[in-house]
>>> print(open('final.json').read())   # JSON, C-alpha atoms and all ligand atoms
[["chain", "number", "residue", "atom", "x", "y", "z"],
["R", 234, "MET", "CA", -22.56, -47.32, 10.49],
["R", 235, "ILE", "CA", -25.69, -46.27, 8.66],
["R", 236, "ASN", "CA", -24.69, -44.04, 5.77],
["R", 237, "PHE", "CA", -26.05, -40.66, 6.85],
["R", 238, "GLU", "CA", -24.23, -38.93, 4.00],
["R", 239, "LEU", "CA", -26.23, -40.89, 1.48],
["R", 240, "LYS", "CA", -29.52, -40.96, 3.36],
["R", 241, "TYR", "CA", -29.50, -37.24, 4.19],
["R", 242, "GLU", "CA", -27.42, -35.76, 1.38],
["R", 243, "LYS", "CA", -29.95, -33.00, 0.64],
["R", 244, "THR", "CA", -30.72, -32.26, 4.31],
["R", 245, "ILE", "CA", -27.04, -31.88, 5.14],
["R", 246, "LYS", "CA", -26.46, -29.61, 2.15],
["R", 247, "GLN", "CA", -29.39, -27.35, 3.05],
["R", 248, "PHE", "CA", -28.29, -27.22, 6.70],
["R", 249, "LEU", "CA", -24.71, -26.29, 5.82],
["R", 250, "GLU", "CA", -25.96, -23.53, 3.50],
["R", 251, "ARG", "CA", -27.51, -21.90, 6.57],
["R", 252, "ILE", "CA", -24.45, -21.99, 8.79],
["R", 253, "ASP", "CA", -21.32, -19.92, 8.24],
["R", 254, "PHE", "CA", -19.00, -21.06, 11.03],
["R", 255, "ALA", "CA", -18.19, -23.94, 13.33],
["R", 256, "PRO", "CA", -20.17, -23.39, 16.56],
["R", 257, "ASP", "CA", -18.40, -23.58, 19.93],
["R", 258, "ILE", "CA", -21.23, -25.65, 21.34],
["R", 259, "ALA", "CA", -24.44, -27.31, 20.16],
["R", 260, "ILE", "CA", -27.35, -27.64, 22.57],
["R", 261, "VAL", "CA", -30.45, -29.78, 22.26],
["R", 262, "LEU", "CA", -33.28, -28.32, 24.34],
["R", 263, "GLY", "CA", -35.61, -30.85, 25.93],
["R", 264, "SER", "CA", -39.31, -30.70, 26.85],
["R", 265, "GLY", "CA", -40.27, -27.37, 28.38],
["R", 266, "LEU", "CA", -36.72, -26.01, 28.11],
["R", 267, "GLY", "CA", -36.95, -24.44, 24.66],
["R", 268, "GLU", "CA", -37.21, -20.86, 25.91],
["R", 269, "PHE", "CA", -33.46, -20.69, 26.40],
["R", 270, "ALA", "CA", -33.36, -19.66, 22.75],
["R", 271, "SER", "CA", -34.50, -16.14, 23.73],
["R", 272, "HIS", "CA", -31.09, -15.47, 25.31],
["R", 273, "LEU", "CA", -29.18, -15.77, 22.06],
["R", 274, "GLU", "CA", -28.18, -12.93, 19.79],
["R", 275, "VAL", "CA", -29.65, -14.62, 16.74],
["R", 276, "ILE", "CA", -27.58, -14.88, 13.57],
["R", 277, "ASN", "CA", -29.85, -17.26, 11.74],
["R", 278, "SER", "CA", -32.98, -19.11, 12.70],
["R", 279, "PHE", "CA", -35.07, -21.50, 10.64],
["R", 280, "GLU", "CA", -37.72, -24.15, 10.90],
["R", 281, "THR", "CA", -36.49, -27.72, 10.61],
["R", 282, "LYS", "CA", -39.23, -28.30, 8.03],
["R", 283, "GLU", "CA", -37.22, -26.08, 5.68],
["R", 284, "LEU", "CA", -34.69, -28.91, 5.52],
["R", 285, "ALA", "CA", -35.75, -31.69, 3.14],
["R", 286, "GLY", "CA", -36.13, -35.00, 4.94],
["R", 287, "TYR", "CA", -35.83, -33.58, 8.46],
["R", 288, "PRO", "CA", -38.30, -35.50, 10.71],
["R", 289, "SER", "CA", -40.92, -33.28, 12.28],
["R", 290, "SER", "CA", -41.40, -33.34, 16.04],
["R", 291, "THR", "CA", -44.95, -34.21, 17.02],
["R", 292, "VAL", "CA", -44.57, -33.53, 20.75],
["R", 293, "GLU", "CA", -45.87, -30.39, 22.44],
["R", 294, "GLY", "CA", -43.01, -28.20, 23.65],
["R", 295, "HIS", "CA", -40.71, -29.21, 20.80],
["R", 296, "LYS", "CA", -40.82, -26.39, 18.31],
["R", 297, "GLY", "CA", -38.76, -27.83, 15.49],
["R", 298, "LYS", "CA", -36.47, -24.84, 15.08],
["R", 299, "ILE", "CA", -32.73, -24.52, 14.64],
["R", 300, "ILE", "CA", -31.11, -21.33, 15.86],
["R", 301, "ILE", "CA", -27.58, -20.17, 15.31],
["R", 302, "GLY", "CA", -26.51, -17.32, 17.53],
["R", 303, "LEU", "CA", -24.13, -15.83, 20.02],
["R", 304, "TYR", "CA", -24.10, -15.92, 23.77],
["R", 305, "GLY", "CA", -21.28, -14.20, 25.68],
["R", 306, "GLY", "CA", -19.24, -14.12, 22.48],
["R", 307, "LYS", "CA", -19.56, -17.90, 22.02],
["R", 308, "LYS", "CA", -21.13, -19.36, 18.89],
["R", 309, "VAL", "CA", -24.08, -21.55, 19.75],
["R", 310, "LEU", "CA", -26.08, -23.98, 17.62],
["R", 311, "LEU", "CA", -29.44, -24.59, 19.23],
["R", 312, "PHE", "CA", -31.96, -27.31, 18.49],
["R", 313, "GLN", "CA", -35.25, -26.10, 19.86],
["R", 314, "GLY", "CA", -36.95, -29.44, 20.22],
["R", 315, "ARG", "CA", -35.92, -33.00, 19.47],
["R", 316, "ILE", "CA", -37.21, -36.09, 17.73],
["R", 317, "HIS", "CA", -38.14, -38.95, 20.05],
["R", 318, "PHE", "CA", -37.93, -42.65, 19.28],
["R", 319, "TYR", "CA", -41.42, -43.12, 20.73],
["R", 320, "GLU", "CA", -42.87, -40.86, 18.03],
["R", 321, "GLY", "CA", -42.45, -43.84, 15.71],
["R", 322, "TYR", "CA", -39.27, -42.78, 13.94],
["R", 323, "GLN", "CA", -36.35, -45.03, 13.22],
["R", 324, "LEU", "CA", -33.50, -44.43, 15.64],
["R", 325, "SER", "CA", -31.33, -43.10, 12.81],
["R", 326, "GLU", "CA", -33.95, -40.41, 12.14],
["R", 327, "CYS", "CA", -33.80, -39.32, 15.79],
["R", 328, "LEU", "CA", -30.03, -39.02, 15.42],
["R", 329, "LEU", "CA", -30.01, -36.72, 12.41],
["R", 330, "PRO", "CA", -29.56, -33.54, 14.54],
["R", 331, "ILE", "CA", -26.46, -35.05, 16.13],
["R", 332, "TYR", "CA", -25.04, -35.87, 12.71],
["R", 333, "LEU", "CA", -25.68, -32.26, 11.67],
["R", 334, "VAL", "CA", -23.76, -31.07, 14.74],
["R", 335, "VAL", "CA", -20.77, -33.10, 13.57],
["R", 336, "LYS", "CA", -21.12, -31.74, 10.03],
["R", 337, "SER", "CA", -21.17, -28.16, 11.37],
["R", 338, "GLY", "CA", -17.65, -28.67, 12.70],
["R", 339, "CYS", "CA", -18.80, -28.22, 16.31],
["R", 340, "LYS", "CA", -16.95, -30.37, 18.88],
["R", 341, "ASN", "CA", -19.04, -29.89, 22.02],
["R", 342, "LEU", "CA", -22.59, -31.12, 22.59],
["R", 343, "LEU", "CA", -24.86, -30.40, 25.52],
["R", 344, "LEU", "CA", -28.04, -32.48, 25.69],
["R", 345, "THR", "CA", -30.87, -31.43, 27.96],
["R", 346, "ASN", "CA", -34.01, -33.27, 28.89],
["R", 347, "ALA", "CA", -36.99, -33.50, 31.17],
["R", 348, "ALA", "CA", -36.85, -36.53, 33.46],
["R", 349, "GLY", "CA", -38.75, -38.22, 36.25],
["R", 350, "GLY", "CA", -36.98, -38.14, 39.61],
["R", 351, "VAL", "CA", -36.33, -41.59, 41.04],
["R", 352, "ASN", "CA", -33.72, -40.74, 43.69],
["R", 353, "ASP", "CA", -35.40, -39.98, 47.06],
["R", 354, "TYR", "CA", -33.44, -36.75, 47.32],
["R", 355, "PHE", "CA", -34.71, -35.36, 44.02],
["R", 356, "LYS", "CA", -37.77, -33.18, 43.64],
["R", 357, "PRO", "CA", -39.45, -31.45, 40.68],
["R", 358, "GLY", "CA", -37.48, -28.40, 39.62],
["R", 359, "ASP", "CA", -34.07, -29.93, 40.48],
["R", 360, "LEU", "CA", -31.32, -30.07, 37.89],
["R", 361, "MET", "CA", -29.17, -33.18, 37.53],
["R", 362, "LEU", "CA", -25.87, -33.60, 35.74],
["R", 363, "VAL", "CA", -25.85, -37.01, 34.06],
["R", 364, "ASN", "CA", -22.80, -38.88, 35.36],
["R", 365, "SER", "CA", -23.75, -42.36, 34.14],
["R", 366, "PHE", "CA", -26.50, -43.97, 32.13],
["R", 367, "ASN", "CA", -28.42, -47.11, 31.28],
["R", 368, "TYR", "CA", -30.02, -47.86, 27.92],
["R", 369, "MET", "CA", -30.52, -51.61, 27.93],
["R", 370, "SER", "CA", -33.85, -51.34, 26.14],
["R", 371, "LEU", "CA", -32.15, -49.70, 23.17],
["R", 372, "TYR", "CA", -29.02, -51.81, 22.66],
["R", 373, "LYS", "CA", -30.23, -53.39, 19.44],
["R", 374, "GLU", "CA", -31.27, -50.16, 17.74],
["R", 375, "VAL", "CA", -28.10, -48.30, 18.73],
["R", 376, "ALA", "CA", -25.89, -51.18, 17.59],
["R", 377, "GLU", "CA", -27.71, -51.24, 14.24],
["R", 378, "VAL", "CA", -27.14, -47.53, 13.63],
["R", 379, "LEU", "CA", -23.48, -47.72, 14.63],
["R", 380, "GLY", "CA", -22.95, -50.96, 12.74],
["R", 381, "ILE", "CA", -21.39, -52.72, 15.69],
["R", 382, "GLY", "CA", -21.88, -56.21, 17.06],
["R", 383, "SER", "CA", -20.83, -57.52, 20.46],
["R", 384, "VAL", "CA", -18.39, -54.95, 21.71],
["R", 385, "ASP", "CA", -17.02, -54.04, 25.11],
["R", 386, "GLN", "CA", -18.85, -50.78, 25.62],
["R", 387, "ARG", "CA", -16.17, -49.51, 27.99],
["R", 388, "ASN", "CA", -13.99, -49.04, 24.94],
["R", 389, "MET", "CA", -16.68, -47.21, 23.01],
["R", 390, "PHE", "CA", -18.24, -44.73, 25.32],
["R", 391, "LEU", "CA", -15.29, -43.61, 27.39],
["R", 392, "ASP", "CA", -16.12, -40.04, 26.51],
["R", 393, "PHE", "CA", -19.77, -39.93, 27.49],
["R", 394, "PRO", "CA", -20.30, -38.31, 29.82],
["R", 395, "SER", "CA", -17.27, -36.27, 28.79],
["R", 396, "LYS", "CA", -15.13, -35.38, 31.82],
["R", 397, "VAL", "CA", -14.23, -32.09, 30.18],
["R", 398, "ILE", "CA", -17.82, -31.03, 29.51],
["R", 399, "ASN", "CA", -19.09, -32.29, 32.84],
["R", 400, "ASN", "CA", -16.45, -30.26, 34.64],
["R", 401, "LYS", "CA", -17.47, -27.20, 32.61],
["R", 402, "ILE", "CA", -21.09, -27.80, 33.68],
["R", 403, "ARG", "CA", -20.02, -28.19, 37.33],
["R", 404, "MET", "CA", -18.05, -24.94, 37.11],
["R", 405, "GLY", "CA", -21.04, -23.35, 35.38],
["R", 406, "ALA", "CA", -23.22, -24.33, 38.35],
["R", 407, "LEU", "CA", -20.73, -22.83, 40.81],
["R", 408, "ASN", "CA", -20.31, -19.59, 38.88],
["R", 409, "GLY", "CA", -24.03, -19.26, 38.15],
["R", 410, "LYS", "CA", -24.91, -20.12, 41.79],
["R", 411, "VAL", "CA", -27.16, -22.96, 40.65],
["R", 412, "THR", "CA", -27.70, -26.06, 42.75],
["R", 413, "LEU", "CA", -26.78, -29.03, 40.60],
["R", 414, "LYS", "CA", -27.34, -32.62, 41.59],
["R", 415, "GLU", "CA", -25.70, -35.57, 39.85],
["R", 416, "GLY", "CA", -26.88, -39.01, 39.00],
["R", 417, "SER", "CA", -27.57, -41.87, 36.67],
["R", 418, "TYR", "CA", -30.05, -41.30, 33.81],
["R", 419, "TRP", "CA", -31.96, -44.36, 32.63],
["R", 420, "PHE", "CA", -33.58, -44.55, 29.24],
["R", 421, "SER", "CA", -37.18, -45.68, 28.98],
["R", 422, "LYS", "CA", -38.63, -46.25, 25.50],
["R", 423, "GLY", "CA", -41.97, -44.61, 26.27],
["R", 424, "PRO", "CA", -44.34, -43.23, 25.22],
["R", 425, "SER", "CA", -46.12, -44.44, 28.38],
["R", 426, "TYR", "CA", -44.68, -43.53, 31.72],
["R", 427, "GLU", "CA", -43.33, -46.39, 33.81],
["R", 428, "THR", "CA", -45.26, -48.50, 36.31],
["R", 429, "PRO", "CA", -44.61, -48.02, 40.06],
["R", 430, "ALA", "CA", -43.14, -51.55, 40.21],
["R", 431, "GLU", "CA", -40.64, -50.73, 37.47],
["R", 432, "ILE", "CA", -39.60, -47.54, 39.22],
["R", 433, "LYS", "CA", -39.15, -49.46, 42.48],
["R", 434, "MET", "CA", -36.84, -51.89, 40.69],
["R", 435, "PHE", "CA", -34.90, -49.16, 38.83],
["R", 436, "LYS", "CA", -34.39, -47.30, 42.09],
["R", 437, "LYS", "CA", -32.95, -50.40, 43.79],
["R", 438, "PHE", "CA", -30.59, -50.82, 40.86],
["R", 439, "GLY", "CA", -29.19, -47.30, 41.02],
["R", 440, "CYS", "CA", -31.37, -45.21, 38.71],
["R", 441, "ASP", "CA", -31.63, -41.57, 39.79],
["R", 442, "ALA", "CA", -33.72, -40.16, 36.95],
["R", 443, "ILE", "CA", -35.68, -41.63, 34.07],
["R", 444, "GLY", "CA", -36.48, -40.22, 30.66],
["R", 445, "MET", "CA", -37.25, -41.01, 27.05],
["R", 446, "SER", "CA", -34.38, -39.39, 25.20],
["R", 447, "THR", "CA", -30.73, -38.34, 25.30],
["R", 448, "VAL", "CA", -28.79, -41.60, 25.72],
["R", 449, "HIS", "CA", -28.72, -42.67, 22.06],
["R", 450, "GLU", "CA", -27.93, -39.08, 21.05],
["R", 451, "ALA", "CA", -25.05, -39.00, 23.52],
["R", 452, "ILE", "CA", -23.65, -42.34, 22.45],
["R", 453, "PHE", "CA", -23.86, -41.42, 18.79],
["R", 454, "GLY", "CA", -22.21, -38.05, 19.41],
["R", 455, "ALA", "CA", -19.42, -39.59, 21.48],
["R", 456, "PHE", "CA", -18.97, -42.31, 18.83],
["R", 457, "LEU", "CA", -18.46, -39.57, 16.23],
["R", 458, "GLY", "CA", -15.90, -37.78, 18.38],
["R", 459, "LEU", "CA", -17.97, -35.09, 20.10],
["R", 460, "LYS", "CA", -17.47, -34.17, 23.73],
["R", 461, "VAL", "CA", -20.94, -34.77, 25.17],
["R", 462, "GLY", "CA", -22.55, -33.81, 28.45],
["R", 463, "ALA", "CA", -26.19, -33.92, 29.56],
["R", 464, "ILE", "CA", -28.39, -32.13, 32.07],
["R", 465, "SER", "CA", -31.76, -33.43, 33.25],
["R", 466, "CYS", "CA", -34.46, -31.19, 34.58],
["R", 467, "ILE", "CA", -36.44, -33.21, 37.09],
["R", 468, "THR", "CA", -40.03, -32.44, 36.18],
["R", 469, "ASN", "CA", -41.94, -34.95, 38.30],
["R", 470, "PHE", "CA", -41.59, -37.67, 40.90],
["R", 471, "ALA", "CA", -41.36, -40.91, 38.90],
["R", 472, "ALA", "CA", -44.37, -43.26, 38.92],
["R", 473, "GLY", "CA", -45.50, -44.39, 42.35],
["R", 474, "LEU", "CA", -43.31, -41.92, 44.24],
["R", 475, "SER", "CA", -46.11, -39.40, 44.64],
["R", 476, "ASP", "CA", -49.88, -39.29, 44.21],
["R", 477, "THR", "CA", -49.69, -36.83, 41.31],
["R", 478, "LYS", "CA", -50.91, -38.19, 37.99],
["R", 479, "LEU", "CA", -48.09, -38.27, 35.45],
["R", 480, "SER", "CA", -48.66, -36.19, 32.36],
["R", 481, "HIS", "CA", -46.78, -34.31, 29.68],
["R", 482, "LYS", "CA", -48.60, -31.19, 30.94],
["R", 483, "GLU", "CA", -46.93, -31.56, 34.36],
["R", 484, "VAL", "CA", -43.58, -32.08, 32.65],
["R", 485, "MET", "CA", -44.04, -28.85, 30.70],
["R", 486, "GLU", "CA", -45.22, -26.87, 33.73],
["R", 487, "THR", "CA", -42.27, -27.90, 35.89],
["R", 488, "GLY", "CA", -39.97, -27.04, 33.02],
["R", 489, "LEU", "CA", -41.23, -23.50, 33.53],
["R", 490, "ILE", "CA", -40.55, -23.59, 37.29],
["R", 491, "ALA", "CA", -36.98, -24.69, 36.67],
["R", 492, "LYS", "CA", -36.58, -22.21, 33.79],
["R", 493, "GLU", "CA", -34.48, -19.64, 35.62],
["R", 494, "SER", "CA", -32.00, -22.03, 37.22],
["R", 495, "PHE", "CA", -31.78, -24.10, 34.04],
["R", 496, "GLU", "CA", -31.08, -21.03, 31.92],
["R", 497, "ASN", "CA", -28.52, -19.70, 34.43],
["R", 498, "LEU", "CA", -26.74, -23.04, 34.37],
["R", 499, "VAL", "CA", -26.60, -23.21, 30.59],
["R", 500, "LYS", "CA", -25.53, -19.57, 30.31],
["R", 501, "SER", "CA", -22.67, -19.90, 32.78],
["R", 502, "THR", "CA", -21.61, -23.20, 31.22],
["R", 503, "ILE", "CA", -21.35, -21.50, 27.80],
["R", 504, "GLU", "CA", -19.46, -18.58, 29.33],
["R", 505, "GLY", "CA", -16.92, -20.98, 30.83],
["R", 506, "LEU", "CA", -16.20, -22.90, 27.62],
["F", 601, "LIG", "N1", -40.61, -41.04, 32.95],
["F", 601, "LIG", "C1", -40.09, -41.05, 31.70],
["F", 601, "LIG", "N2", -39.83, -39.95, 31.03],
["F", 601, "LIG", "C2", -40.08, -38.77, 31.62],
["F", 601, "LIG", "C3", -40.61, -38.68, 32.90],
["F", 601, "LIG", "C4", -40.89, -39.89, 33.61],
["F", 601, "LIG", "O1", -41.37, -39.89, 34.76],
["F", 601, "LIG", "N3", -40.74, -37.36, 33.19],
["F", 601, "LIG", "C5", -40.29, -36.67, 32.10],
["F", 601, "LIG", "N4", -39.89, -37.52, 31.15]]
>>> encode(input="final.json", output="structure tokens", more="lines below")
Ligand code: HPA
Amino acid sequence: MINFELKYEKTIKQFLERIDFAPDIAIVLGSGLGEFASHLEVINSFETKELAGYPSSTVEGHKGKIIIGLYGGKKVLLFQGRIHFYEGYQLSECLLPIYLVVKSGCKNLLLTNAAGGVNDYFKPGDLMLVNSFNYMSLYKEVAEVLGIGSVDQRNMFLDFPSKVINNKIRMGALNGKVTLKEGSYWFSKGPSYETPAEIKMFKKFGCDAIGMSTVHEAIFGAFLGLKVGAISCITNFAAGLSDTKLSHKEVMETGLIAKESFENLVKSTIEGL
């Protein structure tokens, strides 16, 4: 595996100086979902640019802040914004936050994202628990970071999606009275949205939602022993499934529509940990 200790020695040190305890859960907030941070009783909050070598997020809606706080008595480590592969970073740079989660001593990771709905039964504003995934376009980069060759992936990723975390999220949905769909999240490298023909093909092959993040973070986290779950906020009909022009603006706006149910789901999931 790439030597994160060596590559990010200073970053890790500065991060650990700002955190006094092992969090119960770490959460990465995706596009348009960053406002969840306002629900925490903040213990410490800092800009990622305070950490030497931390890649800066260039995407609107990704603030580049790390917040440590309490919700319902649980200790939460929040990444307000993420680093995307399509921003031109190396995959290992996109995975630094996940490595920091491991270093913090936290064992549970919840990844959230904005995604295009591919399943006919999904509409903007829906929430989807990720129950399987596809990342064929990123095999090479992930294998390079992990330092693996041809492996049977069934032996590697048995714990993503983590049954334990996914059941907590399902219980969270029940307790928080939030409608939660489930499905397969497919990774798309971006930064462009997909073509209608691609979406037609993905749909036939079992894709329910498509997005430009999460999978490599989940694999890396699971590889390092974290229990990882992921929630997608469906922000748009995927390309060709509606007449609406795809844009990051639409993604951000729908994030706001789903805000209440998303936040209720995350809150009740934390409460049930
Ligand atoms: N495609 C890829 N990524 C996305 C989409 C989409 O339609 N919506 C939000 N992120």
>>> axis_aligned_box(input="final.json", around="ligand LIG 601 (chain F)", padding_each_side="3 Å", output="JSON")
{"center_x": -40.6, "center_y": -38.9, "center_z": 32.9, "size_x": 7.5, "size_y": 10.4, "size_z": 9.7}
>>> closest_residue(input="final.json", among="R:Glu450, R:Glu238, R:Glu496, R:Glu504", to="Leu344 (chain R)", atoms="only C-alpha atoms")
R:Glu450
>>> residues_near_point(input="final.json", point="(-25.9, -43.3, 36.1)", cutoff="7 Å", atoms="only C-alpha atoms", output="PyMOL selection string")
chain R and resi 363-367+416-418+440
>>> residues_near_point(input="final.json", point="(-35.2, -40.0, 50.1)", cutoff="12 Å", atoms="all atoms listed in the file", output="PyMOL selection string")
chain R and resi 350-356+436+441+470+474
>>> write_last_selection(input="final.json", atoms="C-alpha atoms", output="PDB file, in the coordinates of the input")
ATOM      1  CA  GLY R 350     -36.980 -38.140  39.610  1.00  0.00           C
ATOM      2  CA  VAL R 351     -36.330 -41.590  41.040  1.00  0.00           C
ATOM      3  CA  ASN R 352     -33.720 -40.740  43.690  1.00  0.00           C
ATOM      4  CA  ASP R 353     -35.400 -39.980  47.060  1.00  0.00           C
ATOM      5  CA  TYR R 354     -33.440 -36.750  47.320  1.00  0.00           C
ATOM      6  CA  PHE R 355     -34.710 -35.360  44.020  1.00  0.00           C
ATOM      7  CA  LYS R 356     -37.770 -33.180  43.640  1.00  0.00           C
ATOM      8  CA  LYS R 436     -34.390 -47.300  42.090  1.00  0.00           C
ATOM      9  CA  ASP R 441     -31.630 -41.570  39.790  1.00  0.00           C
ATOM     10  CA  PHE R 470     -41.590 -37.670  40.900  1.00  0.00           C
ATOM     11  CA  LEU R 474     -43.310 -41.920  44.240  1.00  0.00           C
TER      12      LEU R 474
END
>>> closest_residue(input="final.json", among="R:Leu371, R:Cys466, R:Val384, R:Ile252", to="ligand LIG 601 (chain F)", atoms="all atoms listed in the file")
R:Cys466
>>> residues_around(input="final.json", residues="Leu328 (chain R)", least_positions_apart="6", cutoff="9 Å", atoms="only C-alpha atoms", output="PyMOL selection string")
chain R and resi 316+449-450+453-454
>>> atom_distance(input="final.json", atom1="CA of Leu284 (chain R)", atom2="CA of His272 (chain R)")
24.2 Å
>>> residues_near_ligand(input="final.json", ligand="ligand LIG 601 (chain F)", cutoff="6 Å", atoms="only C-alpha atoms and all ligand atoms", output="JSON, numbers by chain")
{"R": [347, 348, 349, 426, 443, 444, 445, 468, 469, 471, 484]}
>>> write_last_selection(input="final.json", atoms="C-alpha atoms", output="PDB file, in the frame of the given file")
ATOM      1  CA  ALA R 347     -36.990 -33.500  31.170  1.00  0.00           C
ATOM      2  CA  ALA R 348     -36.850 -36.530  33.460  1.00  0.00           C
ATOM      3  CA  GLY R 349     -38.750 -38.220  36.250  1.00  0.00           C
ATOM      4  CA  TYR R 426     -44.680 -43.530  31.720  1.00  0.00           C
ATOM      5  CA  ILE R 443     -35.680 -41.630  34.070  1.00  0.00           C
ATOM      6  CA  GLY R 444     -36.480 -40.220  30.660  1.00  0.00           C
ATOM      7  CA  MET R 445     -37.250 -41.010  27.050  1.00  0.00           C
ATOM      8  CA  THR R 468     -40.030 -32.440  36.180  1.00  0.00           C
ATOM      9  CA  ASN R 469     -41.940 -34.950  38.300  1.00  0.00           C
ATOM     10  CA  ALA R 471     -41.360 -40.910  38.900  1.00  0.00           C
ATOM     11  CA  VAL R 484     -43.580 -32.080  32.650  1.00  0.00           C
TER      12      VAL R 484
END
>>> atom_distance(input="final.json", atom1="CA of Val448 (chain R)", atom2="CA of Phe318 (chain R)")
11.2 Å
>>> residues_around(input="final.json", residues="Lys308 (chain R)", least_positions_apart="6", cutoff="12 Å", atoms="all atoms listed in the file", output="list in words")
Ile252, Asp253, Phe254, Ala255, Pro256, Asp257, Ile258, Ala259, Ile260, Leu273, Glu274, Val275, Ile276, Asn277, Ile300, Ile301, Gly302, Ser337, Gly338, Cys339, Lys340, Asn341, Ile503, Glu504 and Leu506 of chain R
>>> atom_distance(input="final.json", atom1="CA of Leu360 (chain R)", atom2="CA of Glu280 (chain R)")
28.4 Å
>>> closest_residue(input="final.json", among="R:Ala406, R:Ala491, R:Met234, R:Leu239", to="Gly380 (chain R)", atoms="all atoms listed in the file")
R:Met234
>>> closest_residue(input="final.json", among="R:Ala442, R:Ile381, R:Met404, R:Leu329", to="Tyr241 (chain R)", atoms="only C-alpha atoms")
R:Leu329
>>> decode(input="final.json", residues="region 371-388 of chain R", atoms="N, CA and C atoms", output="short mmCIF file (atom, residue, chain, number, x, y, z; two decimals), in the first residue's frame")
data_model
loop_
_atom_site.label_atom_id
_atom_site.label_comp_id
_atom_site.auth_asym_id
_atom_site.auth_seq_id
_atom_site.Cartn_x
_atom_site.Cartn_y
_atom_site.Cartn_z
N LEU R 371 -12.18 2.34 -12.17
CA LEU R 371 -11.18 2.81 -11.21
C LEU R 371 -10.33 1.66 -10.63
N TYR R 372 -10.46 0.49 -11.24
CA TYR R 372 -9.72 -0.68 -10.73
C TYR R 372 -8.23 -0.39 -10.57
N LYS R 373 -7.66 0.16 -11.65
CA LYS R 373 -6.20 0.32 -11.71
C LYS R 373 -5.73 1.24 -10.58
N GLU R 374 -6.39 2.37 -10.45
CA GLU R 374 -5.97 3.36 -9.46
C GLU R 374 -6.12 2.83 -8.03
N VAL R 375 -7.24 2.13 -7.78
CA VAL R 375 -7.46 1.59 -6.44
C VAL R 375 -6.40 0.52 -6.14
N ALA R 376 -6.15 -0.35 -7.11
CA ALA R 376 -5.16 -1.42 -6.91
C ALA R 376 -3.78 -0.82 -6.63
N GLU R 377 -3.47 0.27 -7.31
CA GLU R 377 -2.15 0.92 -7.10
C GLU R 377 -2.03 1.45 -5.68
N VAL R 378 -3.07 2.11 -5.20
CA VAL R 378 -3.03 2.66 -3.83
C VAL R 378 -2.90 1.53 -2.81
N LEU R 379 -3.69 0.46 -3.02
CA LEU R 379 -3.69 -0.63 -2.04
C LEU R 379 -2.46 -1.53 -2.19
N GLY R 380 -1.81 -1.43 -3.35
CA GLY R 380 -0.65 -2.29 -3.58
C GLY R 380 -1.04 -3.73 -3.78
N ILE R 381 -2.13 -3.92 -4.53
CA ILE R 381 -2.58 -5.29 -4.78
C ILE R 381 -2.54 -5.56 -6.28
N GLY R 382 -2.47 -6.82 -6.64
CA GLY R 382 -2.49 -7.18 -8.06
C GLY R 382 -3.84 -7.80 -8.39
N SER R 383 -3.80 -8.99 -8.99
CA SER R 383 -5.05 -9.67 -9.36
C SER R 383 -5.56 -10.41 -8.14
N VAL R 384 -6.56 -9.87 -7.52
CA VAL R 384 -7.09 -10.54 -6.33
C VAL R 384 -8.57 -10.84 -6.53
N ASP R 385 -9.05 -11.81 -5.80
CA ASP R 385 -10.49 -12.07 -5.79
C ASP R 385 -11.11 -11.04 -4.86
N GLN R 386 -11.85 -10.12 -5.43
CA GLN R 386 -12.34 -9.00 -4.63
C GLN R 386 -13.34 -9.43 -3.55
N ARG R 387 -13.93 -10.64 -3.76
CA ARG R 387 -14.88 -11.09 -2.73
C ARG R 387 -14.19 -11.26 -1.38
N ASN R 388 -12.87 -11.54 -1.45
CA ASN R 388 -12.15 -11.72 -0.19
C ASN R 388 -11.73 -10.39 0.43
#
